[in-house]
Amino acid sequence: MKYVVVAGGVVSGLGKGVTISSVGRMLQGCGLKVTSIKIDPYLNVDAGTMSPFEHGEVFVLGDGGESDLDLGNYERFLSINLTSDHNITTGKIYREVIARERRGDYLGKTVQVVPHITNEIQDWIERVAKIPVDSSGEEADVCLIEVGGTVGDIESSVFFEALRQFQFRVGDDNFCLMFVSLVPILSDEQKTKPTQHGVRDLRSLGLSPKVIFCRCPKELEDSTKSKISAFCHVPPSNVMSVHDVNNVYHVPLLLLEQNLHRIIQKNLAMDTRMEIESPDMKSWSEMAFKLDGFTKDVKIALIGKYTGLQDSYLSVIKSLKVINNISKHNSNIDFICMIMNIFSTDPFEFILSPLRKILF
């Protein structure tokens, strides 16, 4: 089993979920089977009891598990079916370790973060990575692992320590760490300091990224890539420009253009297992560019309780994207909050009033 780990720095919300999903889709185009794991460092056992205002929608998996919305991204991008065990949280790990301690499984030893918690994390990853997630019923070739939050957070420190140990457990040829960072533009200059500091924090934990994804409004300049390469211990070719595109379905194509598949092949010693010269991305490319060409719009009113955060209805929004591809129209969504004004004498008018503005 090969493992590709994606962590992020500087700020949250950079798009690690879309990035790792795009890496997975590109690897599928190269003929590999992939699976995916999301690590969430919060103490909650799962996302089921959290308000959508906290982390966006609660994505319900096929086995009934309530998980982070990123698992929905994985399923949509990669056409796989994940389980609740594919979402690792601090709550799940500690619950399992404490249950074992109560049963006496540790034979009277002092139960500690290292090695007991870190070993449980590593064992969980190896066990879940072997679960078949597609119709073939076969074990995946590559397991994609996303670490939620940002490097330096107290909550995620135990997971990074576990991953530091894990790279030696599975071997260097089976472990590839990637880092997602922000390259802001100030005074028309692409700034690299946030990325330098993020990688420095990651390396201080004993983990050195082999690929750096740079989120930037514009395509990275060669001078920016060279500077990041010099200060972050990676070749310039391993600094990926993940700049703004028309829709997220262009991201796998963007990574393919920058030869990420060749970098992964080299780092994970997969010379004979990947289709490098002509990856099968034709249908995906047609779909991505097709979405750019629609000129007609359809107005859609989405009424809900949590409309203050659009990620609360991410699956609905993504479903409309699929419909766009069939109807050849763009969906312009107006979000209407359903929390009724208690002073309103006519609650139906309260809901219908914004709809009239959309329809007429």
# chains A, B, ... in the order shown; residues from 1 in each chain; ligands from 1

call {"tool": "residues_around", "arguments": {"residues": "segment 294-303 of chain A", "least_positions_apart": "2", "cutoff": "6 Å", "atoms": "only C-alpha atoms", "output": "PDB file with all heavy atoms, in the first residue's frame"}}
result
ATOM      1  N   ASP A 292     -17.735  25.355 -18.391  1.00  0.00           N
ATOM      2  CA  ASP A 292     -17.324  26.741 -18.627  1.00  0.00           C
ATOM      3  C   ASP A 292     -18.119  27.407 -19.747  1.00  0.00           C
ATOM      4  O   ASP A 292     -18.169  28.635 -19.831  1.00  0.00           O
ATOM      5  CB  ASP A 292     -15.831  26.809 -19.000  1.00  0.00           C
ATOM      6  CG  ASP A 292     -14.937  26.369 -17.852  1.00  0.00           C
ATOM      7  OD1 ASP A 292     -15.401  26.408 -16.702  1.00  0.00           O
ATOM      8  OD2 ASP A 292     -13.787  25.992 -18.122  1.00  0.00           O
ATOM      9  N   LYS A 328     -27.348  22.104 -19.444  1.00  0.00           N
ATOM     10  CA  LYS A 328     -26.550  23.106 -20.149  1.00  0.00           C
ATOM     11  C   LYS A 328     -26.931  24.535 -19.719  1.00  0.00           C
ATOM     12  O   LYS A 328     -26.986  25.461 -20.536  1.00  0.00           O
ATOM     13  CB  LYS A 328     -26.694  22.950 -21.664  1.00  0.00           C
ATOM     14  CG  LYS A 328     -26.220  21.589 -22.175  1.00  0.00           C
ATOM     15  CD  LYS A 328     -26.366  21.457 -23.671  1.00  0.00           C
ATOM     16  CE  LYS A 328     -25.899  20.073 -24.138  1.00  0.00           C
ATOM     17  NZ  LYS A 328     -26.039  19.901 -25.597  1.00  0.00           N
ATOM     18  N   HIS A 329     -27.195  24.688 -18.418  1.00  0.00           N
ATOM     19  CA  HIS A 329     -27.491  25.992 -17.823  1.00  0.00           C
ATOM     20  C   HIS A 329     -26.625  26.167 -16.579  1.00  0.00           C
ATOM     21  O   HIS A 329     -26.214  25.195 -15.948  1.00  0.00           O
ATOM     22  CB  HIS A 329     -28.959  26.093 -17.410  1.00  0.00           C
ATOM     23  CG  HIS A 329     -29.902  26.293 -18.567  1.00  0.00           C
ATOM     24  ND1 HIS A 329     -30.154  25.301 -19.492  1.00  0.00           N
ATOM     25  CD2 HIS A 329     -30.645  27.366 -18.945  1.00  0.00           C
ATOM     26  CE1 HIS A 329     -31.019  25.746 -20.388  1.00  0.00           C
ATOM     27  NE2 HIS A 329     -31.334  26.992 -20.089  1.00  0.00           N
ATOM     28  N   ASN A 330     -26.351  27.414 -16.219  1.00  0.00           N
ATOM     29  CA  ASN A 330     -25.710  27.723 -14.951  1.00  0.00           C
ATOM     30  C   ASN A 330     -26.773  27.910 -13.889  1.00  0.00           C
ATOM     31  O   ASN A 330     -27.844  28.462 -14.154  1.00  0.00           O
ATOM     32  CB  ASN A 330     -24.867  28.999 -15.053  1.00  0.00           C
ATOM     33  CG  ASN A 330     -23.678  28.829 -15.966  1.00  0.00           C
ATOM     34  OD1 ASN A 330     -22.970  27.833 -15.883  1.00  0.00           O
ATOM     35  ND2 ASN A 330     -23.456  29.787 -16.853  1.00  0.00           N
ATOM     36  N   SER A 331     -26.485  27.476 -12.666  1.00  0.00           N
ATOM     37  CA  SER A 331     -27.413  27.658 -11.553  1.00  0.00           C
ATOM     38  C   SER A 331     -26.993  28.863 -10.723  1.00  0.00           C
ATOM     39  O   SER A 331     -25.889  28.879 -10.163  1.00  0.00           O
ATOM     40  CB  SER A 331     -27.444  26.410 -10.664  1.00  0.00           C
ATOM     41  OG  SER A 331     -27.904  25.298 -11.384  1.00  0.00           O
ATOM     42  N   ASN A 332     -27.849  29.866 -10.669  1.00  0.00           N
ATOM     43  CA  ASN A 332     -27.630  31.004  -9.777  1.00  0.00           C
ATOM     44  C   ASN A 332     -28.485  30.797  -8.540  1.00  0.00           C
ATOM     45  O   ASN A 332     -29.712  30.900  -8.590  1.00  0.00           O
ATOM     46  CB  ASN A 332     -28.005  32.319 -10.463  1.00  0.00           C
ATOM     47  CG  ASN A 332     -26.981  32.712 -11.525  1.00  0.00           C
ATOM     48  OD1 ASN A 332     -25.855  32.226 -11.481  1.00  0.00           O
ATOM     49  ND2 ASN A 332     -27.369  33.553 -12.458  1.00  0.00           N
ATOM     50  N   ILE A 333     -27.843  30.492  -7.422  1.00  0.00           N
ATOM     51  CA  ILE A 333     -28.573  30.114  -6.213  1.00  0.00           C
ATOM     52  C   ILE A 333     -28.734  31.314  -5.289  1.00  0.00           C
ATOM     53  O   ILE A 333     -27.758  31.996  -4.968  1.00  0.00           O
ATOM     54  CB  ILE A 333     -27.841  28.979  -5.471  1.00  0.00           C
ATOM     55  CG1 ILE A 333     -27.634  27.776  -6.402  1.00  0.00           C
ATOM     56  CG2 ILE A 333     -28.620  28.553  -4.231  1.00  0.00           C
ATOM     57  CD1 ILE A 333     -26.775  26.676  -5.811  1.00  0.00           C
ATOM     58  N   ASP A 334     -29.961  31.566  -4.884  1.00  0.00           N
ATOM     59  CA  ASP A 334     -30.248  32.556  -3.858  1.00  0.00           C
ATOM     60  C   ASP A 334     -30.594  31.821  -2.577  1.00  0.00           C
ATOM     61  O   ASP A 334     -31.531  31.002  -2.543  1.00  0.00           O
ATOM     62  CB  ASP A 334     -31.414  33.463  -4.274  1.00  0.00           C
ATOM     63  CG  ASP A 334     -30.989  34.533  -5.271  1.00  0.00           C
ATOM     64  OD1 ASP A 334     -30.302  35.471  -4.849  1.00  0.00           O
ATOM     65  OD2 ASP A 334     -31.323  34.399  -6.465  1.00  0.00           O
ATOM     66  N   PHE A 335     -29.839  32.111  -1.521  1.00  0.00           N
ATOM     67  CA  PHE A 335     -30.054  31.436  -0.241  1.00  0.00           C
ATOM     68  C   PHE A 335     -31.033  32.241   0.606  1.00  0.00           C
ATOM     69  O   PHE A 335     -30.838  33.433   0.841  1.00  0.00           O
ATOM     70  CB  PHE A 335     -28.724  31.274   0.503  1.00  0.00           C
ATOM     71  CG  PHE A 335     -27.783  30.314  -0.170  1.00  0.00           C
ATOM     72  CD1 PHE A 335     -26.931  30.743  -1.182  1.00  0.00           C
ATOM     73  CD2 PHE A 335     -27.757  28.982   0.186  1.00  0.00           C
ATOM     74  CE1 PHE A 335     -26.065  29.860  -1.815  1.00  0.00           C
ATOM     75  CE2 PHE A 335     -26.903  28.091  -0.443  1.00  0.00           C
ATOM     76  CZ  PHE A 335     -26.049  28.530  -1.429  1.00  0.00           C
ATOM     77  N   ILE A 336     -32.079  31.575   1.075  1.00  0.00           N
ATOM     78  CA  ILE A 336     -33.116  32.237   1.883  1.00  0.00           C
ATOM     79  C   ILE A 336     -33.181  31.546   3.240  1.00  0.00           C
ATOM     80  O   ILE A 336     -33.390  30.334   3.328  1.00  0.00           O
ATOM     81  CB  ILE A 336     -34.494  32.160   1.184  1.00  0.00           C
ATOM     82  CG1 ILE A 336     -34.419  32.840  -0.187  1.00  0.00           C
ATOM     83  CG2 ILE A 336     -35.577  32.788   2.050  1.00  0.00           C
ATOM     84  CD1 ILE A 336     -35.658  32.649  -1.021  1.00  0.00           C
ATOM     85  N   CYS A 337     -32.978  32.325   4.294  1.00  0.00           N
ATOM     86  CA  CYS A 337     -33.011  31.767   5.647  1.00  0.00           C
ATOM     87  C   CYS A 337     -34.447  31.457   6.045  1.00  0.00           C
ATOM     88  O   CYS A 337     -35.356  32.274   5.883  1.00  0.00           O
ATOM     89  CB  CYS A 337     -32.386  32.752   6.631  1.00  0.00           C
ATOM     90  SG  CYS A 337     -32.288  32.091   8.311  1.00  0.00           S
ATOM     91  N   MET A 338     -34.676  30.262   6.602  1.00  0.00           N
ATOM     92  CA  MET A 338     -36.029  29.808   6.922  1.00  0.00           C
ATOM     93  C   MET A 338     -36.443  30.163   8.345  1.00  0.00           C
ATOM     94  O   MET A 338     -37.570  29.882   8.751  1.00  0.00           O
ATOM     95  CB  MET A 338     -36.121  28.292   6.719  1.00  0.00           C
ATOM     96  CG  MET A 338     -37.521  27.745   6.646  1.00  0.00           C
ATOM     97  SD  MET A 338     -37.507  25.964   6.367  1.00  0.00           S
ATOM     98  CE  MET A 338     -39.248  25.589   6.527  1.00  0.00           C
TER      99      MET A 338
END

call {"tool": "select_by_dssp", "arguments": {"residues": "segment 23-216 of chain A", "states": "alpha helix (DSSP H)", "output": "PyMOL selection string"}}
result
chain A and resi 23-29+52-55+70-78+90-103+118-129+157-170+193-204

call {"tool": "residues_around", "arguments": {"residues": "Ser21 of chain A", "least_positions_apart": "4", "cutoff": "8 Å", "atoms": "only C-alpha atoms", "output": "PyMOL selection string"}}
result
chain A and resi 17+25+73-74+77-78

call {"tool": "closest_atom_pairs", "arguments": {"of": "segment 139-210 of chain A", "to": "segment 235-243 of chain A", "cutoff": "12 Å", "atoms": "only C-alpha atoms", "output": "tab-separated table"}}
result
residue	atom	partner	partner_atom	distance
A:Leu177	CA	A:Asn238	CA	11.7
A:Met178	CA	A:Asn238	CA	9.7
A:Phe179	CA	A:Val239	CA	9.7
A:Val180	CA	A:Val242	CA	9.2
A:Ser181	CA	A:Val242	CA	9.7
A:Leu182	CA	A:Val242	CA	9.7
A:Val183	CA	A:His243	CA	9.5
A:Pro184	CA	A:His243	CA	10.8
A:Ile185	CA	A:His243	CA	11.7
A:Gln190	CA	A:Ser241	CA	11.8
A:Thr192	CA	A:Val239	CA	11.7
A:Thr195	CA	A:Val239	CA	10.9
A:Pro209	CA	A:Asn238	CA	9.7
A:Lys210	CA	A:Asn238	CA	7.0

call {"tool": "closest_residue", "arguments": {"among": "A:Val251, A:Leu61, A:Val158, A:Leu27", "to": "Thr89 of chain A", "atoms": "only C-alpha atoms"}}
result
A:Val158

call {"tool": "residues_around", "arguments": {"residues": "Ile125 of chain A", "least_positions_apart": "6", "cutoff": "12 Å", "atoms": "only C-alpha atoms", "output": "list of chain:residue names"}}
result
A:Met1, A:Lys2, A:Tyr3, A:Val4, A:Val5, A:Thr35, A:Ser36, A:Ile37, A:Lys38, A:Ile39, A:Asp85, A:His86, A:Asn87, A:Ile88, A:Thr89, A:Ile93, A:Thr118, A:Asn119, A:Ile131, A:Cys143, A:Leu144, A:Ile145, A:Glu146, A:Phe159, A:Ala162, A:Leu163, A:Phe166, A:Arg169, A:Val170

call {"tool": "residues_around", "arguments": {"residues": "Gln167 of chain A", "least_positions_apart": "5", "cutoff": "10 Å", "atoms": "only C-alpha atoms", "output": "ChimeraX atom specification"}}
result
/A:3,122,162,172-177,207

call {"tool": "decode", "arguments": {"residues": "segment 237-270 of chain A", "atoms": "N, CA, C and O atoms", "output": "PDB file, in the first residue's frame"}}
result
ATOM      1  N   SER A 237      10.384  21.972  -9.579  1.00  0.00           N
ATOM      2  CA  SER A 237       9.340  21.215 -10.284  1.00  0.00           C
ATOM      3  C   SER A 237       8.299  20.644  -9.333  1.00  0.00           C
ATOM      4  O   SER A 237       7.190  20.290  -9.748  1.00  0.00           O
ATOM      5  N   ASN A 238       8.647  20.553  -8.041  1.00  0.00           N
ATOM      6  CA  ASN A 238       7.725  19.996  -7.045  1.00  0.00           C
ATOM      7  C   ASN A 238       6.903  21.080  -6.350  1.00  0.00           C
ATOM      8  O   ASN A 238       6.165  20.797  -5.418  1.00  0.00           O
ATOM      9  N   VAL A 239       7.044  22.319  -6.793  1.00  0.00           N
ATOM     10  CA  VAL A 239       6.218  23.422  -6.298  1.00  0.00           C
ATOM     11  C   VAL A 239       5.076  23.604  -7.292  1.00  0.00           C
ATOM     12  O   VAL A 239       5.285  24.055  -8.423  1.00  0.00           O
ATOM     13  N   MET A 240       3.870  23.232  -6.876  1.00  0.00           N
ATOM     14  CA  MET A 240       2.709  23.235  -7.774  1.00  0.00           C
ATOM     15  C   MET A 240       1.924  24.543  -7.654  1.00  0.00           C
ATOM     16  O   MET A 240       1.613  24.988  -6.539  1.00  0.00           O
ATOM     17  N   SER A 241       1.610  25.134  -8.779  1.00  0.00           N
ATOM     18  CA  SER A 241       0.750  26.320  -8.797  1.00  0.00           C
ATOM     19  C   SER A 241      -0.707  25.867  -8.853  1.00  0.00           C
ATOM     20  O   SER A 241      -1.149  25.279  -9.836  1.00  0.00           O
ATOM     21  N   VAL A 242      -1.433  26.109  -7.753  1.00  0.00           N
ATOM     22  CA  VAL A 242      -2.868  25.792  -7.714  1.00  0.00           C
ATOM     23  C   VAL A 242      -3.601  27.132  -7.654  1.00  0.00           C
ATOM     24  O   VAL A 242      -4.074  27.566  -6.610  1.00  0.00           O
ATOM     25  N   HIS A 243      -3.638  27.796  -8.796  1.00  0.00           N
ATOM     26  CA  HIS A 243      -4.242  29.121  -8.863  1.00  0.00           C
ATOM     27  C   HIS A 243      -5.737  29.016  -9.152  1.00  0.00           C
ATOM     28  O   HIS A 243      -6.260  27.929  -9.443  1.00  0.00           O
ATOM     29  N   ASP A 244      -6.421  30.139  -9.069  1.00  0.00           N
ATOM     30  CA  ASP A 244      -7.869  30.161  -9.272  1.00  0.00           C
ATOM     31  C   ASP A 244      -8.219  29.724 -10.694  1.00  0.00           C
ATOM     32  O   ASP A 244      -7.590  30.159 -11.668  1.00  0.00           O
ATOM     33  N   VAL A 245      -9.227  28.849 -10.799  1.00  0.00           N
ATOM     34  CA  VAL A 245      -9.709  28.377 -12.094  1.00  0.00           C
ATOM     35  C   VAL A 245     -11.229  28.543 -12.151  1.00  0.00           C
ATOM     36  O   VAL A 245     -11.867  28.859 -11.148  1.00  0.00           O
ATOM     37  N   ASN A 246     -11.799  28.328 -13.323  1.00  0.00           N
ATOM     38  CA  ASN A 246     -13.230  28.568 -13.506  1.00  0.00           C
ATOM     39  C   ASN A 246     -14.097  27.654 -12.661  1.00  0.00           C
ATOM     40  O   ASN A 246     -15.158  28.061 -12.179  1.00  0.00           O
ATOM     41  N   ASN A 247     -13.699  26.407 -12.505  1.00  0.00           N
ATOM     42  CA  ASN A 247     -14.408  25.490 -11.611  1.00  0.00           C
ATOM     43  C   ASN A 247     -13.422  24.463 -11.073  1.00  0.00           C
ATOM     44  O   ASN A 247     -12.350  24.249 -11.656  1.00  0.00           O
ATOM     45  N   VAL A 248     -13.769  23.816  -9.952  1.00  0.00           N
ATOM     46  CA  VAL A 248     -12.817  22.938  -9.258  1.00  0.00           C
ATOM     47  C   VAL A 248     -12.445  21.708 -10.076  1.00  0.00           C
ATOM     48  O   VAL A 248     -11.424  21.060  -9.796  1.00  0.00           O
ATOM     49  N   TYR A 249     -13.249  21.386 -11.101  1.00  0.00           N
ATOM     50  CA  TYR A 249     -12.962  20.191 -11.891  1.00  0.00           C
ATOM     51  C   TYR A 249     -11.755  20.386 -12.809  1.00  0.00           C
ATOM     52  O   TYR A 249     -11.279  19.430 -13.429  1.00  0.00           O
ATOM     53  N   HIS A 250     -11.248  21.617 -12.880  1.00  0.00           N
ATOM     54  CA  HIS A 250     -10.024  21.868 -13.652  1.00  0.00           C
ATOM     55  C   HIS A 250      -8.769  21.516 -12.837  1.00  0.00           C
ATOM     56  O   HIS A 250      -7.696  21.390 -13.421  1.00  0.00           O
ATOM     57  N   VAL A 251      -8.906  21.376 -11.523  1.00  0.00           N
ATOM     58  CA  VAL A 251      -7.716  21.188 -10.677  1.00  0.00           C
ATOM     59  C   VAL A 251      -6.958  19.904 -11.008  1.00  0.00           C
ATOM     60  O   VAL A 251      -5.727  19.926 -11.117  1.00  0.00           O
ATOM     61  N   PRO A 252      -7.614  18.734 -11.204  1.00  0.00           N
ATOM     62  CA  PRO A 252      -6.830  17.546 -11.601  1.00  0.00           C
ATOM     63  C   PRO A 252      -6.064  17.753 -12.892  1.00  0.00           C
ATOM     64  O   PRO A 252      -4.933  17.275 -13.038  1.00  0.00           O
ATOM     65  N   LEU A 253      -6.663  18.481 -13.826  1.00  0.00           N
ATOM     66  CA  LEU A 253      -5.993  18.752 -15.101  1.00  0.00           C
ATOM     67  C   LEU A 253      -4.812  19.690 -14.896  1.00  0.00           C
ATOM     68  O   LEU A 253      -3.763  19.553 -15.539  1.00  0.00           O
ATOM     69  N   LEU A 254      -4.976  20.631 -13.976  1.00  0.00           N
ATOM     70  CA  LEU A 254      -3.903  21.576 -13.646  1.00  0.00           C
ATOM     71  C   LEU A 254      -2.695  20.840 -13.077  1.00  0.00           C
ATOM     72  O   LEU A 254      -1.538  21.124 -13.435  1.00  0.00           O
ATOM     73  N   LEU A 255      -2.948  19.880 -12.196  1.00  0.00           N
ATOM     74  CA  LEU A 255      -1.863  19.108 -11.585  1.00  0.00           C
ATOM     75  C   LEU A 255      -1.205  18.191 -12.613  1.00  0.00           C
ATOM     76  O   LEU A 255       0.014  17.999 -12.585  1.00  0.00           O
ATOM     77  N   LEU A 256      -2.015  17.656 -13.515  1.00  0.00           N
ATOM     78  CA  LEU A 256      -1.479  16.785 -14.565  1.00  0.00           C
ATOM     79  C   LEU A 256      -0.544  17.563 -15.484  1.00  0.00           C
ATOM     80  O   LEU A 256       0.523  17.069 -15.873  1.00  0.00           O
ATOM     81  N   GLU A 257      -0.919  18.794 -15.815  1.00  0.00           N
ATOM     82  CA  GLU A 257      -0.088  19.642 -16.682  1.00  0.00           C
ATOM     83  C   GLU A 257       1.282  19.913 -16.059  1.00  0.00           C
ATOM     84  O   GLU A 257       2.265  20.100 -16.774  1.00  0.00           O
ATOM     85  N   GLN A 258       1.322  19.936 -14.714  1.00  0.00           N
ATOM     86  CA  GLN A 258       2.578  20.211 -14.018  1.00  0.00           C
ATOM     87  C   GLN A 258       3.333  18.940 -13.644  1.00  0.00           C
ATOM     88  O   GLN A 258       4.269  18.968 -12.849  1.00  0.00           O
ATOM     89  N   ASN A 259       2.886  17.814 -14.241  1.00  0.00           N
ATOM     90  CA  ASN A 259       3.589  16.522 -14.101  1.00  0.00           C
ATOM     91  C   ASN A 259       3.625  15.990 -12.677  1.00  0.00           C
ATOM     92  O   ASN A 259       4.590  15.321 -12.278  1.00  0.00           O
ATOM     93  N   LEU A 260       2.570  16.244 -11.918  1.00  0.00           N
ATOM     94  CA  LEU A 260       2.517  15.697 -10.566  1.00  0.00           C
ATOM     95  C   LEU A 260       2.514  14.170 -10.595  1.00  0.00           C
ATOM     96  O   LEU A 260       3.085  13.524  -9.707  1.00  0.00           O
ATOM     97  N   HIS A 261       1.880  13.583 -11.612  1.00  0.00           N
ATOM     98  CA  HIS A 261       1.832  12.116 -11.699  1.00  0.00           C
ATOM     99  C   HIS A 261       3.236  11.521 -11.838  1.00  0.00           C
ATOM    100  O   HIS A 261       3.522  10.456 -11.276  1.00  0.00           O
ATOM    101  N   ARG A 262       4.114  12.212 -12.531  1.00  0.00           N
ATOM    102  CA  ARG A 262       5.495  11.731 -12.674  1.00  0.00           C
ATOM    103  C   ARG A 262       6.258  11.857 -11.350  1.00  0.00           C
ATOM    104  O   ARG A 262       7.082  11.005 -11.010  1.00  0.00           O
ATOM    105  N   ILE A 263       5.985  12.930 -10.616  1.00  0.00           N
ATOM    106  CA  ILE A 263       6.634  13.133  -9.311  1.00  0.00           C
ATOM    107  C   ILE A 263       6.211  12.038  -8.338  1.00  0.00           C
ATOM    108  O   ILE A 263       7.036  11.470  -7.614  1.00  0.00           O
ATOM    109  N   ILE A 264       4.905  11.716  -8.322  1.00  0.00           N
ATOM    110  CA  ILE A 264       4.405  10.658  -7.437  1.00  0.00           C
ATOM    111  C   ILE A 264       4.979   9.305  -7.848  1.00  0.00           C
ATOM    112  O   ILE A 264       5.379   8.497  -6.994  1.00  0.00           O
ATOM    113  N   GLN A 265       5.035   9.060  -9.150  1.00  0.00           N
ATOM    114  CA  GLN A 265       5.605   7.798  -9.628  1.00  0.00           C
ATOM    115  C   GLN A 265       7.039   7.616  -9.133  1.00  0.00           C
ATOM    116  O   GLN A 265       7.420   6.530  -8.677  1.00  0.00           O
ATOM    117  N   LYS A 266       7.808   8.689  -9.187  1.00  0.00           N
ATOM    118  CA  LYS A 266       9.208   8.615  -8.765  1.00  0.00           C
ATOM    119  C   LYS A 266       9.335   8.441  -7.257  1.00  0.00           C
ATOM    120  O   LYS A 266      10.110   7.598  -6.783  1.00  0.00           O
ATOM    121  N   ASN A 267       8.572   9.232  -6.479  1.00  0.00           N
ATOM    122  CA  ASN A 267       8.700   9.198  -5.023  1.00  0.00           C
ATOM    123  C   ASN A 267       8.150   7.923  -4.404  1.00  0.00           C
ATOM    124  O   ASN A 267       8.613   7.497  -3.342  1.00  0.00           O
ATOM    125  N   LEU A 268       7.152   7.315  -5.055  1.00  0.00           N
ATOM    126  CA  LEU A 268       6.559   6.103  -4.501  1.00  0.00           C
ATOM    127  C   LEU A 268       7.016   4.836  -5.232  1.00  0.00           C
ATOM    128  O   LEU A 268       6.449   3.763  -5.010  1.00  0.00           O
ATOM    129  N   ALA A 269       8.026   4.984  -6.096  1.00  0.00           N
ATOM    130  CA  ALA A 269       8.611   3.829  -6.801  1.00  0.00           C
ATOM    131  C   ALA A 269       7.529   2.991  -7.469  1.00  0.00           C
ATOM    132  O   ALA A 269       7.396   1.784  -7.229  1.00  0.00           O
ATOM    133  N   MET A 270       6.743   3.632  -8.336  1.00  0.00           N
ATOM    134  CA  MET A 270       5.635   2.946  -9.015  1.00  0.00           C
ATOM    135  C   MET A 270       5.854   2.932 -10.523  1.00  0.00           C
ATOM    136  O   MET A 270       4.942   3.186 -11.313  1.00  0.00           O
TER     137      MET A 270
END
